[in-house]
file coords-v7.cif (mmCIF, C-alpha atoms)
data_coords
#
loop_
_atom_site.label_atom_id
_atom_site.label_comp_id
_atom_site.auth_asym_id
_atom_site.auth_seq_id
_atom_site.Cartn_x
_atom_site.Cartn_y
_atom_site.Cartn_z
CA MET A 29 0.00 0.00 0.00
CA ASN A 30 1.42 3.40 -0.94
CA GLY A 31 -1.13 5.36 1.05
CA THR A 32 -2.71 6.96 -2.01
CA GLU A 33 -5.35 4.33 -2.76
CA PRO A 34 -8.71 4.72 -1.03
CA LYS A 35 -9.53 2.39 1.82
CA VAL A 36 -12.68 0.60 0.75
CA GLU A 37 -14.88 -0.68 3.57
CA ILE A 38 -18.16 -2.55 3.77
CA PHE A 39 -19.56 -2.09 7.25
CA SER A 40 -18.70 1.59 7.68
CA PRO A 41 -20.87 2.79 4.76
CA PHE A 42 -23.53 0.29 5.83
CA GLY A 43 -23.76 1.95 9.25
CA ALA A 44 -23.68 5.42 7.71
CA ALA A 45 -26.45 4.41 5.32
CA TYR A 46 -28.58 3.37 8.30
CA GLU A 47 -28.14 6.81 9.85
CA TRP A 48 -28.94 8.50 6.54
CA MET A 49 -32.08 6.37 6.21
CA LYS A 50 -33.23 7.54 9.65
CA THR A 51 -32.53 11.14 8.66
CA ILE A 52 -34.62 10.80 5.51
CA LEU A 53 -37.60 8.93 6.95
CA PHE A 54 -37.70 9.64 10.68
CA ARG A 55 -36.07 13.04 11.31
CA PRO A 56 -38.85 14.04 11.29
CA PHE A 57 -41.40 11.45 10.24
CA GLU A 58 -43.77 12.77 7.56
CA ILE A 59 -46.35 10.43 6.08
CA GLY A 60 -46.62 12.43 2.86
CA LYS A 61 -42.87 12.33 2.30
CA TRP A 62 -42.86 8.61 3.12
CA LEU A 63 -45.53 7.82 0.52
CA VAL A 64 -43.87 9.88 -2.22
CA ILE A 65 -40.45 8.32 -1.68
CA ALA A 66 -42.14 4.91 -1.58
CA PHE A 67 -43.68 5.66 -4.97
CA ALA A 68 -40.23 6.63 -6.28
CA ALA A 69 -38.86 3.33 -4.97
CA PHE A 70 -41.81 1.49 -6.51
CA ILE A 71 -41.30 2.85 -10.02
CA SER A 72 -37.57 2.15 -9.71
CA GLY A 73 -38.33 -1.55 -9.50
CA SER A 74 -38.54 -2.06 -5.73
CA TRP A 75 -41.88 -3.86 -5.92
CA GLY A 76 -41.54 -6.20 -2.97
CA SER A 77 -42.61 -9.83 -3.27
CA GLY A 78 -45.57 -12.09 -2.83
CA PHE A 79 -46.87 -12.61 -6.37
CA ASN A 80 -45.86 -15.79 -8.12
CA PHE A 81 -47.64 -17.22 -11.12
CA ASN A 82 -47.92 -21.00 -11.06
CA PHE A 83 -47.76 -22.69 -14.43
CA SER A 84 -47.51 -26.21 -13.03
CA ASP A 85 -50.93 -27.14 -14.42
CA TRP A 86 -49.92 -26.38 -18.02
CA LYS A 87 -47.90 -29.48 -18.71
CA ASP A 88 -47.01 -30.93 -22.07
CA SER A 89 -49.49 -33.78 -21.67
CA ASP A 90 -52.27 -31.32 -20.87
CA TRP A 91 -51.62 -29.39 -24.06
CA LYS A 92 -51.67 -32.64 -26.07
CA TYR A 93 -54.98 -33.59 -24.51
CA ARG A 94 -56.55 -30.20 -25.21
CA TRP A 95 -55.44 -30.15 -28.84
CA SER A 96 -56.25 -33.78 -29.53
CA SER A 97 -59.72 -33.41 -27.99
CA HIS A 98 -60.78 -30.67 -30.40
CA GLY A 99 -60.92 -31.52 -34.08
CA ASP A 100 -57.91 -32.79 -35.93
CA GLY A 101 -55.39 -30.79 -33.92
CA GLY A 102 -55.18 -27.88 -36.38
CA VAL A 103 -54.79 -24.38 -34.96
CA PRO A 104 -57.63 -22.00 -35.91
CA ALA A 105 -56.56 -18.80 -37.66
CA TRP A 106 -58.31 -16.62 -35.09
CA LEU A 107 -56.34 -18.28 -32.29
CA ILE A 108 -53.04 -17.67 -34.09
CA ALA A 109 -53.98 -13.99 -34.51
CA LEU A 110 -55.01 -13.78 -30.86
CA ILE A 111 -51.71 -15.29 -29.75
CA ILE A 112 -49.73 -12.86 -31.91
CA ILE A 113 -51.68 -9.89 -30.55
CA GLY A 114 -51.21 -11.15 -27.00
CA VAL A 115 -47.47 -11.51 -27.50
CA LEU A 116 -47.18 -8.02 -28.98
CA VAL A 117 -49.25 -6.45 -26.19
CA THR A 118 -47.18 -8.26 -23.57
CA PHE A 119 -43.97 -7.11 -25.24
CA LEU A 120 -45.16 -3.50 -25.30
CA ILE A 121 -46.16 -3.68 -21.62
CA ILE A 122 -42.72 -5.03 -20.74
CA LEU A 123 -41.08 -2.22 -22.71
CA ALA A 124 -43.24 0.38 -20.93
CA ILE A 125 -42.35 -1.07 -17.52
CA MET A 126 -38.65 -1.09 -18.41
CA TRP A 127 -38.84 2.53 -19.58
CA VAL A 128 -40.59 3.74 -16.43
CA THR A 129 -38.28 1.69 -14.23
CA SER A 130 -35.20 3.12 -15.93
CA ARG A 131 -36.38 6.67 -15.26
CA GLY A 132 -37.48 5.65 -11.76
CA GLN A 133 -33.95 4.54 -10.90
CA PHE A 134 -32.79 8.14 -11.15
CA ILE A 135 -35.86 9.51 -9.36
CA PHE A 136 -35.37 7.24 -6.35
CA THR A 137 -31.64 7.96 -6.30
CA ASP A 138 -32.37 11.70 -6.37
CA CYS A 139 -34.78 11.35 -3.45
CA VAL A 140 -32.14 9.53 -1.41
CA VAL A 141 -29.29 11.86 -2.35
CA LYS A 142 -31.13 15.13 -1.76
CA ASN A 143 -33.37 13.91 1.08
CA ARG A 144 -36.52 15.06 -0.62
CA ALA A 145 -39.81 13.67 -1.86
CA ALA A 146 -40.04 14.64 -5.52
CA ILE A 147 -41.24 12.86 -8.65
CA ALA A 148 -41.97 15.35 -11.42
CA GLU A 149 -38.77 17.42 -11.16
CA PRO A 150 -36.24 14.54 -11.29
CA TRP A 151 -38.42 12.84 -13.93
CA ARG A 152 -37.78 15.80 -16.23
CA GLU A 153 -34.23 16.48 -15.07
CA PHE A 154 -32.91 12.96 -15.74
CA ARG A 155 -34.89 12.31 -18.91
CA ARG A 156 -31.80 11.91 -21.09
CA GLU A 157 -30.01 9.63 -18.60
CA GLY A 158 -33.13 7.53 -18.03
CA ASN A 159 -33.73 7.03 -21.75
CA SER A 160 -30.08 6.13 -22.30
CA TYR A 161 -30.22 3.61 -19.47
CA PHE A 162 -33.42 2.11 -20.91
CA LEU A 163 -32.04 1.71 -24.44
CA PHE A 164 -28.78 0.25 -23.17
CA SER A 165 -30.66 -2.20 -20.93
CA LEU A 166 -32.81 -3.21 -23.89
CA VAL A 167 -29.78 -3.93 -26.08
CA VAL A 168 -28.04 -5.89 -23.33
CA GLY A 169 -31.25 -7.83 -22.68
CA PHE A 170 -31.57 -8.88 -26.32
CA LEU A 171 -27.89 -9.83 -26.44
CA GLY A 172 -28.34 -11.84 -23.26
CA MET A 173 -31.29 -13.75 -24.71
CA PHE A 174 -29.31 -14.41 -27.89
CA LEU A 175 -26.34 -15.77 -25.92
CA VAL A 176 -28.59 -17.95 -23.76
CA GLY A 177 -30.25 -19.36 -26.87
CA LEU A 178 -26.87 -19.97 -28.45
CA MET A 179 -25.60 -21.79 -25.36
CA VAL A 180 -28.76 -23.91 -25.27
CA LEU A 181 -28.20 -24.90 -28.90
CA ILE A 182 -24.57 -25.71 -28.20
CA ILE A 183 -25.71 -28.11 -25.49
CA ALA A 184 -28.88 -29.40 -27.12
CA VAL A 185 -27.63 -30.26 -30.62
CA PRO A 186 -24.64 -32.49 -29.72
CA PHE A 187 -26.74 -34.45 -27.21
CA GLY A 188 -29.75 -34.76 -29.49
CA LEU A 189 -32.22 -33.09 -27.17
CA PHE A 190 -34.39 -32.19 -30.17
CA SER A 191 -34.42 -35.71 -31.57
CA GLY A 192 -37.00 -37.00 -29.10
CA ASP A 193 -34.75 -39.71 -27.67
CA ARG A 194 -34.63 -38.93 -23.95
CA SER A 195 -33.74 -42.36 -22.66
CA ASP A 196 -30.17 -41.70 -21.60
CA PHE A 197 -28.09 -38.57 -21.80
CA GLY A 198 -25.32 -39.71 -19.52
CA ALA A 199 -22.85 -37.84 -17.36
CA PRO A 200 -21.53 -35.54 -20.14
CA LEU A 201 -24.90 -33.84 -20.45
CA ILE A 202 -25.11 -33.31 -16.68
CA ILE A 203 -21.63 -31.80 -16.67
CA ALA A 204 -22.57 -29.54 -19.60
CA LEU A 205 -25.73 -28.37 -17.84
CA ILE A 206 -23.81 -27.63 -14.63
CA ALA A 207 -21.18 -25.70 -16.58
CA PHE A 208 -23.91 -23.76 -18.39
CA GLY A 209 -25.58 -22.92 -15.07
CA LEU A 210 -22.34 -21.73 -13.51
CA VAL A 211 -21.48 -19.56 -16.52
CA TRP A 212 -24.99 -18.08 -16.55
CA LEU A 213 -24.85 -17.37 -12.80
CA ALA A 214 -21.44 -15.70 -13.05
CA LEU A 215 -22.54 -13.51 -15.96
CA ALA A 216 -25.82 -12.63 -14.23
CA LEU A 217 -24.01 -11.58 -11.04
CA PHE A 218 -21.41 -9.58 -12.93
CA PHE A 219 -23.82 -7.70 -15.17
CA GLY A 220 -26.22 -7.21 -12.29
CA LEU A 221 -23.41 -5.65 -10.27
CA VAL A 222 -22.39 -3.41 -13.17
CA PHE A 223 -25.95 -2.21 -13.74
CA HIS A 224 -26.35 -1.53 -10.02
CA PHE A 225 -23.57 1.04 -10.12
CA MET A 226 -24.22 2.50 -13.55
CA VAL A 227 -27.02 4.68 -12.16
CA PRO A 228 -24.83 6.42 -9.53
CA VAL A 229 -22.16 7.09 -12.16
CA MET A 230 -24.69 8.48 -14.63
CA TYR A 231 -26.35 10.51 -11.88
CA ARG A 232 -23.02 12.01 -10.81
CA ARG A 233 -21.55 12.73 -14.25
CA ARG A 234 -24.70 13.06 -16.35
CA CYS A 235 -23.09 10.75 -18.91
CA SER A 236 -24.47 8.10 -21.26
CA ALA A 237 -25.17 4.51 -20.23
CA LYS A 238 -22.42 3.22 -22.52
CA GLU A 239 -19.81 5.44 -20.87
CA ALA A 240 -21.01 4.47 -17.40
CA PHE A 241 -20.98 0.77 -18.29
CA PHE A 242 -17.34 0.66 -19.35
CA ASP A 243 -16.33 2.88 -16.44
CA VAL A 244 -17.98 0.60 -13.89
CA VAL A 245 -16.54 -2.51 -15.54
CA GLY A 246 -13.07 -0.99 -15.22
CA LEU A 247 -13.74 -0.01 -11.61
CA ILE A 248 -14.78 -3.56 -10.72
CA MET A 249 -11.78 -5.06 -12.49
CA ARG A 250 -9.41 -2.77 -10.59
CA ASN A 251 -11.08 -3.46 -7.24
CA ALA A 252 -12.27 -7.05 -7.52
CA GLY A 253 -11.79 -7.85 -3.82
CA PRO A 254 -14.12 -5.21 -2.34
CA PHE A 255 -16.79 -5.92 -4.95
CA VAL A 256 -16.68 -9.66 -4.28
CA LEU A 257 -17.20 -8.94 -0.59
CA LEU A 258 -20.02 -6.58 -1.52
CA VAL A 259 -21.74 -9.29 -3.57
CA LEU A 260 -21.50 -11.79 -0.72
CA PHE A 261 -22.79 -9.22 1.76
CA GLY A 262 -25.54 -8.27 -0.69
CA ILE A 263 -26.71 -11.89 -0.91
CA VAL A 264 -27.08 -11.96 2.87
CA LEU A 265 -28.98 -8.66 2.83
CA THR A 266 -31.26 -9.89 0.04
CA ILE A 267 -32.13 -13.02 2.01
CA ALA A 268 -32.76 -10.93 5.12
CA VAL A 269 -35.06 -8.52 3.27
CA GLY A 270 -36.88 -11.45 1.70
CA ILE A 271 -37.48 -13.00 5.11
CA ILE A 272 -38.71 -9.70 6.52
CA GLY A 273 -40.98 -9.19 3.53
CA THR A 274 -42.45 -12.67 3.96
CA VAL A 275 -43.08 -12.05 7.67
CA VAL A 276 -44.74 -8.71 6.92
CA MET A 277 -46.91 -10.30 4.24
CA CYS A 278 -48.02 -13.05 6.63
CA MET A 279 -48.73 -10.59 9.44
CA THR A 280 -50.89 -8.45 7.16
CA CYS A 281 -52.80 -11.40 5.64
CA CYS A 282 -50.98 -11.01 2.29
CA ILE A 283 -51.96 -7.32 2.02
CA GLY A 284 -48.31 -6.44 2.63
CA GLY A 285 -47.39 -8.38 -0.50
CA LEU A 286 -49.40 -6.17 -2.84
CA PRO A 287 -47.49 -3.91 -5.25
CA TYR A 288 -46.65 -0.47 -3.83
CA ILE A 289 -48.07 -1.44 -0.41
CA SER A 290 -45.12 -3.77 0.09
CA THR A 291 -42.80 -0.93 -0.91
CA VAL A 292 -44.47 1.41 1.58
CA LEU A 293 -44.10 -1.11 4.40
CA LEU A 294 -40.50 -1.98 3.53
CA LEU A 295 -39.41 1.54 2.60
CA PRO A 296 -36.75 1.78 5.36
CA ALA A 297 -35.05 -1.30 3.91
CA HIS A 298 -35.20 0.09 0.36
CA VAL A 299 -33.80 3.49 1.38
CA TRP A 300 -31.16 1.85 3.58
CA LEU A 301 -29.93 -0.43 0.79
CA ARG A 302 -29.95 2.33 -1.84
CA SER A 303 -28.00 4.60 0.53
CA PHE A 304 -25.56 1.78 1.24
CA LYS A 305 -24.87 1.31 -2.48
CA LEU A 306 -24.28 5.02 -2.96
CA MET A 307 -22.03 5.32 0.09
CA PHE A 308 -20.03 2.26 -0.88
CA VAL A 309 -19.17 3.51 -4.37
CA ARG A 310 -18.37 7.05 -3.18
CA GLN A 311 -15.30 5.61 -1.45
CA PHE A 312 -13.60 5.35 -4.86
CA GLY A 313 -13.29 9.09 -5.29
CA ASP A 314 -15.08 12.29 -6.19
CA ALA A 315 -16.05 10.96 -9.63
CA TYR A 316 -18.26 8.34 -7.93
CA ASP A 317 -19.60 10.53 -5.13
CA VAL A 318 -23.22 11.48 -5.82
CA TRP A 319 -23.05 13.92 -2.90
CA ALA A 320 -20.07 15.79 -4.34
CA THR A 321 -22.24 18.70 -5.45
CA VAL A 322 -24.69 18.44 -2.54
CA GLY A 323 -22.27 18.79 0.32
CA PHE A 324 -22.80 15.49 2.13
CA PRO A 325 -20.27 15.07 4.98
CA ALA A 326 -17.96 12.15 5.70
CA THR A 327 -19.23 8.65 4.99
CA THR A 328 -19.02 7.48 8.59
CA ALA A 329 -21.33 10.15 9.99
CA PRO A 330 -24.89 11.27 9.24
CA PRO A 331 -25.47 14.78 7.95
CA PRO A 332 -25.30 17.32 10.80
CA ALA A 333 -28.22 19.47 11.67
CA ALA A 334 -28.33 22.85 10.01
CA PRO A 335 -26.97 25.63 12.27
CA PRO A 336 -29.51 28.10 13.63
CA LEU A 337 -29.96 31.28 11.70
CA PRO A 338 -28.43 34.39 13.28
CA PRO A 339 -30.87 36.91 14.73
CA PRO A 340 -31.89 39.73 12.42
CA PRO A 341 -29.98 42.99 12.82
CA VAL A 342 -31.57 45.59 15.04
CA ALA A 343 -32.44 48.77 13.24
CA PRO A 344 -30.80 51.88 14.76
CA ALA A 345 -33.07 54.11 16.78
#

call {"tool": "encode", "arguments": {"input": "coords-v7.cif", "output": "structure tokens"}}
result
Amino acid sequence: MNGTEPKVEIFSPFGAAYEWMKTILFRPFEIGKWLVIAFAAFISGSWGSGFNFNFSDWKDSDWKYRWSSHGDGGVPAWLIALIIIGVLVTFLIILAIMWVTSRGQFIFTDCVVKNRAAIAEPWREFRREGNSYFLFSLVVGFLGMFLVGLMVLIIAVPFGLFSGDRSDFGAPLIIALIAFGLVWLALALFFGLVFHFMVPVMYRRRCSAKEAFFDVVGLIMRNAGPFVLLVLFGIVLTIAVGIIGTVVMCMTCCIGGLPYISTVLLLPAHVWLRSFKLMFVRQFGDAYDVWATVGFPATTAPPPAAPPLPPPPVAPA
């Protein structure tokens, strides 16, 4: 160590984030502010949990029975058109959610950074950054689906998974599937980590998503140790929040699992974790400090109270 590199910690910014969360939500407590920040967290993708769609009843044999029980198995033209329309509508809904969520990332970050409850102003202010983040996420998503499909073909074709012979695949197929799963998990964690910190970089520098992506990738490569520890710590935090969310949902008779309501109930956790992410990355220098232009004090301490205003001057007699 030459003394010039920043000392990157995990628990210190985590404790400071807890204090900052209390400052935002409880000093003082305002229900209106709470609900607005919860809405910002909600549109950023912090939707809570509790809704799972079960497709276990739609098995392959069930489909064969349904089709074979109606006519000669041909697909009516109106059903094909309905399926195409349904797919297009679903795709458009997903795009709309991604677009709103991309803009919401910056809105929620702005609420946490500036300790304010605002939606319209940051929505307009970070329009360019939000759109850039959305388009970049869309491109990466399509590339990810293409790579997954390519890897599936690489595994499926040599082992004849499309031939219909499923009697014995042997150990090589199991090894290939395990290797595929490990590669997919590693890529998912890496890109998830990069996308987590792209928003703070774009918020701080007002740059494009492409520039932020390569900057964050370089930052992670240069500081692999701290980021690995962060990922491990983040897994523990995710499990803890999931357990708390499940308990809250059970205690409220599943009402706490509804969209937005779950975010309202778990808002301290969402603000705490967002603050933790921002305070962790600010340790790497001014270029990653979202409070650089706001005047936030040292990472290990919450913002001090504003000093009292001096008394007005007394007019001469």

call {"tool": "resolve_selection", "arguments": {"input": "coords-v7.cif", "expression": "the PyMOL selection byres ((chain A and resi 243) around 12)", "output": "list in words"}}
result
Val222, Phe223, Phe225, Met226, Val227, Pro228, Val229, Met230, Arg233, Cys235, Ser236, Ala237, Lys238, Glu239, Ala240, Phe241, Phe242, Val244, Val245, Gly246, Leu247, Ile248, Met249, Arg250, Ala315 and Tyr316 of chain A

call {"tool": "resolve_selection", "arguments": {"input": "coords-v7.cif", "expression": "the PyMOL selection byres ((chain A and resi 217) around 12)", "output": "list of chain:residue names"}}
result
A:Leu210, A:Val211, A:Trp212, A:Leu213, A:Ala214, A:Leu215, A:Ala216, A:Phe218, A:Phe219, A:Gly220, A:Leu221, A:Val222, A:Phe223, A:His224, A:Phe255, A:Val256, A:Leu258, A:Val259, A:Leu260, A:Gly262, A:Ile263

call {"tool": "resolve_selection", "arguments": {"input": "coords-v7.cif", "expression": "the PyMOL selection byres ((chain A and resi 134) around 8)", "output": "NGL selection string"}}
result
:A and (72 or 130-133 or 135-138 or 150-151 or 154 or 158 or 227 or 231)

call {"tool": "closest_residue", "arguments": {"input": "coords-v7.cif", "among": "A:Trp319, A:Phe39, A:Phe174, A:Tyr46", "to": "Ala297 of chain A", "atoms": "all atoms listed in the file"}}
result
A:Tyr46

call {"tool": "atom_distance", "arguments": {"input": "coords-v7.cif", "atom1": "atom CA of Ala207 of chain A", "atom2": "atom CA of Val269 of chain A"}}
result
29.7 Å

call {"tool": "residues_around", "arguments": {"input": "coords-v7.cif", "residues": "Phe54 of chain A", "least_positions_apart": "6", "cutoff": "12 Å", "atoms": "all atoms listed in the file", "output": "ChimeraX atom specification"}}
result
/A:46-48,61-62,143,295-296,299

call {"tool": "atom_distance", "arguments": {"input": "coords-v7.cif", "atom1": "atom CA of Ala69 of chain A", "atom2": "atom CA of Arg232 of chain A"}}
result
19.0 Å

call {"tool": "atom_distance", "arguments": {"input": "coords-v7.cif", "atom1": "atom CA of Gly114 of chain A", "atom2": "atom CA of Phe162 of chain A"}}
result
23.0 Å

call {"tool": "decode", "arguments": {"input": "coords-v7.cif", "residues": "segment 140-156 of chain A", "atoms": "N, CA and C atoms", "output": "PDB file, in the first residue's frame"}}
result
ATOM      1  N   VAL A 140     -33.060   9.947  -2.466  1.00  0.00           N
ATOM      2  CA  VAL A 140     -32.142   9.534  -1.411  1.00  0.00           C
ATOM      3  C   VAL A 140     -30.982  10.516  -1.281  1.00  0.00           C
ATOM      4  N   VAL A 141     -30.449  10.967  -2.391  1.00  0.00           N
ATOM      5  CA  VAL A 141     -29.294  11.857  -2.350  1.00  0.00           C
ATOM      6  C   VAL A 141     -29.657  13.206  -1.736  1.00  0.00           C
ATOM      7  N   LYS A 142     -30.763  13.782  -2.170  1.00  0.00           N
ATOM      8  CA  LYS A 142     -31.132  15.132  -1.759  1.00  0.00           C
ATOM      9  C   LYS A 142     -32.102  15.172  -0.588  1.00  0.00           C
ATOM     10  N   ASN A 143     -32.457  13.981  -0.056  1.00  0.00           N
ATOM     11  CA  ASN A 143     -33.368  13.911   1.085  1.00  0.00           C
ATOM     12  C   ASN A 143     -34.634  14.722   0.809  1.00  0.00           C
ATOM     13  N   ARG A 144     -35.295  14.360  -0.266  1.00  0.00           N
ATOM     14  CA  ARG A 144     -36.518  15.061  -0.621  1.00  0.00           C
ATOM     15  C   ARG A 144     -37.497  14.091  -1.259  1.00  0.00           C
ATOM     16  N   ALA A 145     -38.760  14.468  -1.235  1.00  0.00           N
ATOM     17  CA  ALA A 145     -39.806  13.672  -1.864  1.00  0.00           C
ATOM     18  C   ALA A 145     -40.254  14.398  -3.121  1.00  0.00           C
ATOM     19  N   ALA A 146     -39.732  13.975  -4.253  1.00  0.00           N
ATOM     20  CA  ALA A 146     -40.041  14.637  -5.522  1.00  0.00           C
ATOM     21  C   ALA A 146     -40.112  13.595  -6.621  1.00  0.00           C
ATOM     22  N   ILE A 147     -41.066  13.757  -7.526  1.00  0.00           N
ATOM     23  CA  ILE A 147     -41.236  12.858  -8.648  1.00  0.00           C
ATOM     24  C   ILE A 147     -41.104  13.616  -9.974  1.00  0.00           C
ATOM     25  N   ALA A 148     -41.902  14.659 -10.138  1.00  0.00           N
ATOM     26  CA  ALA A 148     -41.967  15.354 -11.422  1.00  0.00           C
ATOM     27  C   ALA A 148     -40.639  16.009 -11.786  1.00  0.00           C
ATOM     28  N   GLU A 149     -40.007  16.691 -10.834  1.00  0.00           N
ATOM     29  CA  GLU A 149     -38.774  17.425 -11.158  1.00  0.00           C
ATOM     30  C   GLU A 149     -37.645  16.500 -11.588  1.00  0.00           C
ATOM     31  N   PRO A 150     -37.293  15.443 -10.804  1.00  0.00           N
ATOM     32  CA  PRO A 150     -36.241  14.536 -11.294  1.00  0.00           C
ATOM     33  C   PRO A 150     -36.651  13.741 -12.523  1.00  0.00           C
ATOM     34  N   TRP A 151     -37.969  13.520 -12.715  1.00  0.00           N
ATOM     35  CA  TRP A 151     -38.424  12.843 -13.935  1.00  0.00           C
ATOM     36  C   TRP A 151     -38.019  13.635 -15.171  1.00  0.00           C
ATOM     37  N   ARG A 152     -38.172  14.952 -15.102  1.00  0.00           N
ATOM     38  CA  ARG A 152     -37.778  15.797 -16.228  1.00  0.00           C
ATOM     39  C   ARG A 152     -36.264  15.996 -16.277  1.00  0.00           C
ATOM     40  N   GLU A 153     -35.650  16.160 -15.116  1.00  0.00           N
ATOM     41  CA  GLU A 153     -34.225  16.478 -15.071  1.00  0.00           C
ATOM     42  C   GLU A 153     -33.366  15.348 -15.625  1.00  0.00           C
ATOM     43  N   PHE A 154     -33.732  14.103 -15.331  1.00  0.00           N
ATOM     44  CA  PHE A 154     -32.914  12.964 -15.740  1.00  0.00           C
ATOM     45  C   PHE A 154     -33.558  12.198 -16.897  1.00  0.00           C
ATOM     46  N   ARG A 155     -34.251  12.929 -17.764  1.00  0.00           N
ATOM     47  CA  ARG A 155     -34.890  12.308 -18.913  1.00  0.00           C
ATOM     48  C   ARG A 155     -33.859  11.681 -19.842  1.00  0.00           C
ATOM     49  N   ARG A 156     -32.797  12.424 -20.154  1.00  0.00           N
ATOM     50  CA  ARG A 156     -31.797  11.910 -21.090  1.00  0.00           C
ATOM     51  C   ARG A 156     -31.092  10.690 -20.519  1.00  0.00           C
TER      52      ARG A 156
END
